[in-house]
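These notes concern the structure reproduced below.
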2 protein chains.
Amino acid sequence: MTPPAQESEDRFLAWLRQQDPSLAERIGDDAAFLPPAKDRAVTMDSQIEGTHFVSGLPPEILARRLLAVNLSDLAAVGATPGSAFLALSAPTSFDRRRFFQAFLTACKRFGVELCGGDLATTDRITLTLTLFGKLGASGSWLRRDQGKAGHSLWVGGQLGESAVGRLLLGAGATAGPREEEAPRLPPELEIPNHLQEAAGQAIRRHLLPTPQIDLGQWLAGLPQPGAAIDLSDGLGKDLRRLCQASGVGALIDRRALTMTPALTQLASLLGRDSETLSVGGGEDYHLLFSLPPEVPEPEVKGCRHIGKLTGSPEVLWGREENWQELPNLGWDHLMTETEKAPHRS
Amino acid sequence: MTPPAQESEDRFLAWLRQQDPSLAERIGDDAAFLPPAKDRAVTMDSQIEGTHFVSGLPPEILARRLLAVNLSDLAAVGATPGSAFLALSAPTSFDRRRFFQAFLTACKRFGVELCGGDLATTDRITLTLTLFGKLGASGSWLRRDQGKAGHSLWVGGQLGESAVGRLLLGAGATAGPREEEAPRLPPELEIPNHLQEAAGQAIRRHLLPTPQIDLGQWLAGLPQPGAAIDLSDGLGKDLRRLCQASGVGALIDRRALTMTPALTQLASLLGRDSETLSVGGGEDYHLLFSLPPEVPEPEVKGCRHIGKLTGSPEVLWGREENWQELPNLGWDHLMTETEKAPHRS
């Protein structure tokens with residue numbers, strides 16, 4: 001009954017699964033499959049001021065980001081977006097009308113229908129979305145437990161860019177309510193001219209991740225789909241979850257995690273190591289997925305080959321013959337702020 | 001675009017429905033009906049420390065109450081409880097294991113299956129539950145827009161008792177984690193011996209409302225069902241919502257709202273008017289429902305006849321020929337603490 005002094009998210013979820021054997025079957029993927037027919041996927045994600053985003057962001061950005069991070073979970077199971085339920089609690093001064101206008105516009109873009117929710121007044125903005133997905137044209141769900149030794153391992157885009165954007169926002173950069181508006185970088189950050197575009201792009205990537213719905217559906221439609229998970233907590237955590245669910249290990253080519261020169265320089269300006277951000281920065285919202293040997297590469301552009309799944313349980317990174325354990329960095333939602341990887345590096 | 005200086009929940013929802021004509025069809029009842037087949041009902045309710053409950057309650061009570069208030073929404077549409085998704089954010093010191101043990105036990109009692117959710121760390125306990133319901137044996141949903149002039153009007157139990165319990169908790173009463181444990185009343189409240197049982201009962205009623213699932217299913221199974229809504233925000237608000245959705249008015253027999261002598265005395269000890277608590281105290285979580293003339297009374301015990309629906313739009317209360325507008329008291333989830341009825345009386 002007494003929790004360990006240091007409760008971590010994965011330890012807690014392992015305990016939770018032990019409480020009821022049928023729970024273990026239901027809890028595991030980025031989205032759950034709704035009984036009895038399991039023809040609908042459901043995901044639920046919260047965004048809380050001070051925990052998931054800095055204070056002072058425009059309501060429009062919060063609205064688009066909330067939808068995007070939930071859509072990313074649907075992408076990870078290969079679902080087509082459906083109905084949404086939104087719980088919004090915020091101070092009375094929060095402009096709910098601006099929030100909802102942006103939210104409904106974003107919903108239309110992705111074919112999502114808002115169907116209900118809950119409103120409350122609190123001193124801290126707390127947003128929780130429950131989002132439904134339908135089975136895609138393939139008729140199969142994508143899952144995190146379908147990885148096999150010998151599969152190649154891929155990510156849907158640049159890792160660590162979102163973390164750079166988050167650090168820039170934490171250092172005083174700001175963003176306006178309109179999507180096309182460039183973020184503002186405070187002069188005291190002294191970002192050189194040639195890095196300003198990459199800095200703006202990193203902030204946008206952080207504030208408005210691109211849910212990889214098309215990639216998820218393409219993966220689900222493969223004759224023998226591999227495993228997939230969305231990278232919300234960071235490669236260090238999420239790759240281990242995929243490996244554990246699939247009963248495999250992984251070898252990651254360390255060179256494939258190198259950021260672009262501009263992002264590497266930005267990380268350095270912010271006093272961070274770029275590899276640490278790639279592995280543990282989190283909130284990338286790209287898919288991490290495996291492909292069977294008969295599928296040489298994904299049809300969707302922008303994906304990167306980062307390694308392969310193996311039969312041994314270790315999750316290693318390195319190059320050539322020099323392999324080490326992949327650092328177990330990333331977000332743990334049950335640890336305090338100072339214990340989180342991005343603040344530890 | 002600019003919201004009115006004083007945004008109220010009903011005004012905001014009216015604005016929201018105007019943003020998208022199809023939204024107006026989807027948003028309205030205590031639970032939404034999931035497209036495309038509308039064979040599943042979905043409800044979502046948040047419970048936030050400091051807004052919906054006082055700080056310091058045991059995790060077990062929060063768990064049971066969260067489930068109960070969501071089940072009450074399913075009761076109001078005549079649904080059979082199904083799957084649940086839980087978002088829990090709390091300080092690291094919050095005992096999530098105790099919370100989940102009680103939550104899973106309560107789920108079993110009502111046939112609910114936890115299927116997923118979200119965990120986060122914040123400084124304030126915030127619980128959001130999304131709960132699914134299946135169509136009951138009747139094959140019909142119960143709705144709030146089916147009231148007709150001439151229907152008799154009923155509530156599922158004593159109004160205002162929960163509000164008395166909330167006030168006692170606010171005044172320093174406490175409750176332990178076990179259901180069978182009697183709440184503790186602080187001596188400084190000087191509650192006379194003959195009122196202590198009623199005080200304990202009011203606290204229990206507040207902390208653990210009884211969702212009227214059986215009543216909802218019985219109502220949904222009537223050949224010509226009337227309207228129903230669950231009394232979460234108080235009779236003053238919720239009766240108006242039922243009347244507006246149904247296009248009718250109401251006459252309430254003021255005598256039928258009288259509390260028991262013990263509750264009336266407790267309200268008075270707490271400096272409150274008992275009628276105000278009956279109309280605006282909120283969080284009763286009884287069903288408010290109408291019955292067609294051919295059904296003289298509900299089969300489920302404990303219901304009270306409080307009046308009737310009329311063809312004129314007014315919502316009145318009184319006795320014999322002396323009718324006045326029913327006070328528009330109750331909780332508005334977009335107003336600040338001091339503007340809420342229970343704190344205004």
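Chain labels follow the order of the structure tokens: the first chain is A, the next B, and so on; residue numbering restarts at 1 in every chain, and ligands are counted from 1 in their shown order.
Excluding Thr121 (chain B) and any residue on its chain fewer than 4 positions from it, the residues at most 6 Å away by only C-alpha atoms are His333 and Leu334 of chain A; Ser89, Ala90 and Pro91 of chain B.
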Could you tell me, as a compact mmCIF listing (two decimals) with N, CA and C atoms, in the first residue's frame, which residues of region 81-160 of chain A DSSP assigns to alpha helix (DSSP H) when given the backbone?
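Result written to states.txt:
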```
# COMPACT_ATOMS: atom_id res chain seq x y z
N ARG A 96 -11.90 32.69 -22.88
CA ARG A 96 -12.38 31.41 -23.39
C ARG A 96 -12.89 31.50 -24.82
N ARG A 97 -13.40 32.65 -25.20
CA ARG A 97 -13.93 32.77 -26.56
C ARG A 97 -12.80 32.71 -27.59
N ARG A 98 -11.71 33.41 -27.31
CA ARG A 98 -10.56 33.32 -28.23
C ARG A 98 -10.04 31.88 -28.28
N PHE A 99 -9.98 31.24 -27.10
CA PHE A 99 -9.52 29.85 -27.04
C PHE A 99 -10.40 28.96 -27.92
N PHE A 100 -11.71 29.06 -27.75
CA PHE A 100 -12.61 28.15 -28.47
C PHE A 100 -12.64 28.45 -29.97
N GLN A 101 -12.52 29.72 -30.36
CA GLN A 101 -12.50 30.00 -31.80
C GLN A 101 -11.31 29.32 -32.45
N ALA A 102 -10.15 29.44 -31.81
CA ALA A 102 -8.95 28.78 -32.37
C ALA A 102 -9.09 27.27 -32.31
N PHE A 103 -9.68 26.77 -31.22
CA PHE A 103 -9.82 25.32 -31.07
C PHE A 103 -10.74 24.74 -32.15
N LEU A 104 -11.87 25.40 -32.37
CA LEU A 104 -12.82 24.90 -33.38
C LEU A 104 -12.21 24.97 -34.78
N THR A 105 -11.44 26.02 -35.05
CA THR A 105 -10.78 26.13 -36.35
C THR A 105 -9.78 24.99 -36.54
N ALA A 106 -9.00 24.72 -35.49
CA ALA A 106 -8.03 23.62 -35.57
C ALA A 106 -8.76 22.28 -35.72
N CYS A 107 -9.88 22.10 -35.02
CA CYS A 107 -10.66 20.87 -35.14
C CYS A 107 -11.09 20.63 -36.58
N LYS A 108 -11.59 21.69 -37.22
CA LYS A 108 -12.07 21.55 -38.61
C LYS A 108 -10.96 21.05 -39.50
N ARG A 109 -9.75 21.59 -39.29
CA ARG A 109 -8.62 21.23 -40.14
C ARG A 109 -8.31 19.73 -40.08
N PHE A 110 -8.59 19.13 -38.92
CA PHE A 110 -8.25 17.72 -38.76
C PHE A 110 -9.48 16.80 -38.75
```
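When chain B is least-squares superimposed on chain A using all C-alpha positions, the deviation that remains is 0.0 Å RMSD.
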Separation of CA of Glu113 (chain A) from CA of Ser46 (chain A), in Å and rounded to one decimal: 18.4 Å
Spatial neighbours of region 53-60 of chain B, max dist 12 Å, only C-alpha atoms, sep filter under 4 positions, as a count of residues only: 50
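Residue nearest chain A within the list B:Trp331, B:Ala220, B:Gly302, B:Pro261: B:Trp331 [criterion: smallest interatomic distance, only C-alpha atoms].
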